[in-house]
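Containing compact mmCIF, C-alpha atoms: query31.txt.
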# COMPACT_ATOMS: atom_id res chain seq x y z
CA MET A 1 67.18 75.32 97.31
CA PRO A 2 64.19 77.14 95.82
CA VAL A 3 64.04 77.76 92.08
CA ASN A 4 63.96 81.34 90.81
CA PRO A 5 61.35 81.25 88.04
CA GLY A 6 62.34 83.33 85.03
CA ARG A 7 65.63 84.45 83.52
CA PHE A 8 68.45 85.92 85.58
CA THR A 9 72.07 86.93 85.15
CA ASP A 10 74.79 87.47 87.74
CA SER A 11 75.33 90.86 89.37
CA HIS A 12 79.15 90.87 89.12
CA SER A 13 80.91 93.61 87.22
CA GLY A 14 84.60 94.18 86.67
CA PRO A 15 87.43 91.67 86.27
CA LEU A 16 87.26 88.18 87.71
CA VAL A 17 89.40 85.06 88.14
CA VAL A 18 87.72 81.69 87.66
CA PHE A 19 89.66 78.84 89.23
CA ILE A 20 88.52 75.25 88.75
CA VAL A 21 90.24 72.83 91.13
CA GLY A 22 89.56 69.21 91.85
CA MET A 23 90.56 65.60 92.19
CA ARG A 24 89.93 62.30 90.42
CA ILE A 25 89.94 58.93 92.14
CA ASN A 26 92.04 56.73 89.85
CA LYS A 27 92.38 53.72 92.17
CA PHE A 28 89.15 53.46 94.13
CA LEU A 29 90.45 50.87 96.59
CA SER A 30 93.33 53.16 97.59
CA PHE A 31 91.16 54.79 100.26
CA GLY A 32 94.16 55.94 102.27
CA LYS A 33 95.35 57.99 99.30
CA TRP A 34 92.20 59.72 98.05
CA ILE A 35 90.21 60.24 101.26
CA PRO A 36 92.79 62.70 102.71
CA VAL A 37 92.76 64.64 99.41
CA ALA A 38 88.96 64.82 99.44
CA LYS A 39 88.90 65.85 103.11
CA ALA A 40 91.39 68.68 102.51
CA MET A 41 89.17 70.55 100.04
CA ILE A 42 86.31 71.66 102.31
CA PRO A 43 88.49 73.21 105.06
CA MET A 44 90.20 75.37 102.43
CA ILE A 45 86.84 76.68 101.19
CA GLU A 46 85.68 77.28 104.78
CA GLU A 47 88.92 79.09 105.63
CA LEU A 48 88.62 81.34 102.60
CA SER A 49 84.91 81.99 103.15
CA GLN A 50 85.68 83.33 106.63
CA ASP A 51 88.30 85.78 105.33
CA PRO A 52 86.73 88.59 103.29
CA GLU A 53 90.18 90.16 102.78
CA SER A 54 91.51 87.04 100.99
CA GLY A 55 90.14 88.04 97.59
CA PHE A 56 88.08 84.83 97.46
CA LEU A 57 84.54 85.57 96.29
CA GLY A 58 83.02 82.12 96.68
CA ALA A 59 82.80 78.61 95.23
CA GLN A 60 80.41 76.15 93.68
CA GLN A 61 81.03 72.43 94.19
CA PHE A 62 80.32 69.91 91.45
CA ARG A 63 80.90 66.30 90.49
CA ALA A 64 81.76 64.90 87.06
CA GLY A 65 80.95 61.20 87.04
CA MET A 66 81.65 58.91 89.95
CA ARG A 67 85.35 59.67 90.35
CA THR A 68 85.86 63.41 89.83
CA PHE A 69 85.05 66.12 92.36
CA ALA A 70 85.76 69.80 91.93
CA PHE A 71 85.06 73.37 92.89
CA ILE A 72 84.59 76.34 90.62
CA GLN A 73 86.09 79.18 92.62
CA TYR A 74 85.71 82.89 91.95
CA TRP A 75 88.44 85.35 92.95
CA LYS A 76 88.80 89.11 92.63
CA ASP A 77 92.31 88.75 91.12
CA PHE A 78 95.10 86.28 90.42
CA GLU A 79 97.42 87.82 93.01
CA SER A 80 94.98 86.92 95.80
CA LEU A 81 94.66 83.34 94.54
CA GLU A 82 98.41 82.91 94.28
CA ALA A 83 99.02 84.49 97.70
CA TYR A 84 96.66 81.96 99.28
CA ALA A 85 98.22 79.01 97.45
CA ARG A 86 101.73 79.96 98.59
CA ASP A 87 100.91 80.96 102.18
CA ARG A 88 102.53 78.32 104.38
CA ASP A 89 100.29 79.27 107.31
CA ARG A 90 97.01 78.57 105.47
CA ASN A 91 95.33 75.22 104.74
CA HIS A 92 96.45 74.83 101.12
CA TRP A 93 100.21 74.59 101.60
CA PRO A 94 100.20 71.74 104.16
CA ALA A 95 97.59 69.84 102.09
CA TRP A 96 99.71 70.25 98.95
CA THR A 97 102.82 69.07 100.80
CA ALA A 98 100.94 66.07 102.24
CA PHE A 99 99.60 65.14 98.78
CA ASN A 100 103.08 65.20 97.26
CA LYS A 101 104.46 63.09 100.09
CA ALA A 102 101.63 60.51 100.22
CA VAL A 103 100.63 60.30 96.55
CA GLY A 104 103.23 62.02 94.42
CA ASN A 105 103.25 60.32 91.02
CA ASP A 106 101.89 56.91 92.06
CA GLY A 107 98.73 57.38 89.97
CA SER A 108 96.21 56.62 92.72
CA VAL A 109 94.73 60.12 92.82
CA GLY A 110 94.68 62.77 90.13
CA ILE A 111 94.49 66.47 90.86
CA PHE A 112 93.88 69.36 88.51
CA HIS A 113 93.26 73.05 88.30
CA GLU A 114 92.47 75.54 85.56
CA THR A 115 92.78 79.30 85.97
CA TYR A 116 90.96 81.82 83.81
CA LEU A 117 91.63 85.56 84.01
CA VAL A 118 88.43 87.26 82.90
CA PRO A 119 88.68 90.98 82.11
CA ALA A 120 85.82 93.36 82.80
CA GLY A 121 83.15 92.70 80.19
CA GLY A 122 84.60 89.25 79.46
CA HIS A 123 81.82 87.17 80.97
CA GLU A 124 78.10 86.77 80.76
CA THR A 125 75.72 84.34 82.45
CA ILE A 126 72.13 83.19 82.15
CA TYR A 127 70.12 81.18 84.66
CA GLY A 128 66.63 80.15 83.56
CA ASN A 129 64.35 78.66 86.20
CA MET A 130 67.33 77.78 88.40
CA PRO A 131 68.18 78.03 92.07
CA PRO A 132 71.16 80.31 92.70
CA PHE A 133 74.15 78.68 90.97
CA GLY A 134 77.74 79.50 90.01
CA LEU A 135 78.65 83.16 89.75
CA GLY A 136 74.99 84.08 90.24
CA LYS A 137 75.06 82.35 93.63
CA ILE A 138 78.30 84.11 94.56
CA ALA A 139 77.63 87.63 93.25
CA GLY A 140 73.82 87.73 93.40
CA LEU A 141 71.22 87.72 90.66
CA THR A 142 69.73 90.40 88.44
CA PRO A 143 66.73 89.85 86.16
CA ALA A 144 67.88 89.20 82.59
CA THR A 145 65.49 91.70 81.08
CA GLY A 146 65.82 94.94 79.15
CA SER A 147 69.50 95.69 78.56
CA ARG A 148 70.41 92.28 80.02
CA ASN A 149 68.09 90.22 77.80
CA GLU A 150 70.68 89.03 75.24
CA ALA A 151 74.17 87.62 75.73
CA SER A 152 75.86 90.49 73.87
CA SER A 153 73.97 93.01 75.99
CA ARG A 154 74.98 91.26 79.20
CA LEU A 155 78.62 91.40 78.14
CA LYS A 156 78.34 95.15 77.58
CA ALA A 157 76.57 95.63 80.92
CA ASN A 158 79.42 93.84 82.73
CA THR A 159 81.96 96.44 81.58
CA LEU A 160 80.26 99.15 83.63

Go ahead and render the structure in this file as structure tokens.
Amino acid sequence: MPVNPGRFTDSHSGPLVVFIVGMRINKFLSFGKWIPVAKAMIPMIEELSQDPESGFLGAQQFRAGMRTFAFIQYWKDFESLEAYARDRDRNHWPAWTAFNKAVGNDGSVGIFHETYLVPAGGHETIYGNMPPFGLGKIAGLTPATGSRNEASSRLKANTL
């Protein structure tokens, strides 16, 4: 991915939900436990990406060490996120059911999520000499100049 030289901020305005979801391989040799969990994540992202009405704005994948894999997801609101999670006809529900049946509390695979409800004006970003990343990749980039040069100014600009 090409680098955008200079300073940029994301183009998102208004409220936002940031959802971090992932897995940790606790017992590496338990391939039959963690591989299905890992394989379930991408189809969910693909399903959501193909449904503009879902409220899903996009995701950024990342890894923390050798055992932990996650996505930072961006949603327009919590209701959309919750509706997807509870929809028995979408990819999440059967994957969640399969995880509980196959892994449950045996300790072989860890899963986690964190949900942040960000009000309008409650976020700011800066990307210096970076390829599109995170919210900037999802919402687009704007030069971080003029009224968007400083963090406090970017916060004010995001309330508009």

Checklist entry - Given the choices A:Gly65, A:Gly6, A:Gly110, A:Pro94, which gets closest to Met44 (chain A) if the distance is worked out from all atoms listed in the file? => result A:Pro94

Next on the checklist: Give me, as a PyMOL selection string, all polymer residues having an atom no more than 12 Å from Ala64 (chain A), counting only C-alpha atoms and skipping those fewer than 3 positions away in the same chain.
Outcome noted: chain A and resi 22-25+61+67-71

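The list of residues with at least one atom within 8 Å of Ala157 (chain A), based on only C-alpha atoms and without residues fewer than 6 positions apart in the same chain, reads Ser13, Gly121, Ser147 and Arg148 of chain A.
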
Fewer than 4 positions away in the same chain doesn't count, so skip those; otherwise give me all residues within 6 Å of Val118 (chain A), counting only C-alpha atoms, as a tab-separated table (two decimals) with C-alpha atoms, in the frame of the given file.
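Writing the result to selection_33.tsv gives the following:
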chain	number	residue	atom	x	y	z
A	15	PRO	CA	87.43	91.67	86.27
A	16	LEU	CA	87.26	88.18	87.71
A	17	VAL	CA	89.40	85.06	88.14
A	122	GLY	CA	84.60	89.25	79.46

Item to check | Near-Pro52 (chain A) list (12 Å; only C-alpha atoms; drop same-chain fewer than 4 positions) as a count of residues only | outcome: 9

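Closest approach to Met41 (chain A) from the set A:Lys101, A:Val3, A:Asp89, A:Ile111 is made by A:Ile111, with distances taken over only C-alpha atoms.
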
Checklist outcome for this item: One residue among A:Arg90, A:Ser152, A:Ala144, A:Pro2 is nearest to Ser54 (chain A) when using only C-alpha atoms, and that residue is A:Arg90

Checklist entry - Within 12 Å of (90.6, 54.3, 94.9), only C-alpha atoms: residues as number ranges by chain? => result A: 23-38, 66-68, 103, 106-110

For the selection just defined, write its residues with C-alpha atoms to a file, as a CSV table (one decimal), in the coordinates of the input.
chain,number,residue,atom,x,y,z
A,23,MET,CA,90.6,65.6,92.2
A,24,ARG,CA,89.9,62.3,90.4
A,25,ILE,CA,89.9,58.9,92.1
A,26,ASN,CA,92.0,56.7,89.8
A,27,LYS,CA,92.4,53.7,92.2
A,28,PHE,CA,89.2,53.5,94.1
A,29,LEU,CA,90.4,50.9,96.6
A,30,SER,CA,93.3,53.2,97.6
A,31,PHE,CA,91.2,54.8,100.3
A,32,GLY,CA,94.2,55.9,102.3
A,33,LYS,CA,95.4,58.0,99.3
A,34,TRP,CA,92.2,59.7,98.0
A,35,ILE,CA,90.2,60.2,101.3
A,36,PRO,CA,92.8,62.7,102.7
A,37,VAL,CA,92.8,64.6,99.4
A,38,ALA,CA,89.0,64.8,99.4
A,66,MET,CA,81.6,58.9,90.0
A,67,ARG,CA,85.4,59.7,90.4
A,68,THR,CA,85.9,63.4,89.8
A,103,VAL,CA,100.6,60.3,96.6
A,106,ASP,CA,101.9,56.9,92.1
A,107,GLY,CA,98.7,57.4,90.0
A,108,SER,CA,96.2,56.6,92.7
A,109,VAL,CA,94.7,60.1,92.8
A,110,GLY,CA,94.7,62.8,90.1

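Among the candidate residues A:Met1, A:Thr97, A:Ile45, A:Phe8, the one lying nearest to Glu150 (chain A) is A:Phe8, with distances computed using all atoms listed in the file.
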
Checklist outcome for this item: Correct to one decimal, the distance CA of Tyr127 (chain A)-CA of Gly146 (chain A) is 15.4 Å

Next on the checklist: Please report the interatomic distance between CA of Phe78 (chain A) and CA of Glu124 (chain A) in Å with one decimal.
Outcome noted: 19.6 Å

Checklist entry - Could you pull the residues within 10 Å of Pro43 (chain A), counting only C-alpha atoms, minus those fewer than 5 positions along the same chain, as a ChimeraX atom specification? => result /A:48-49,91-92

Checklist entry - For Glu114 (chain A), which residue among A:Ile42, A:Leu141, A:Ala59, A:Val21 is the nearest when counting only C-alpha atoms? => result A:Val21

Checklist entry - Within 8 Å of (73.4, 82.3, 89.5), in the coordinates the file gives, what residues turn up when you count only C-alpha atoms, written out as number ranges by chain? => result A: 8-10, 125-127, 130-141
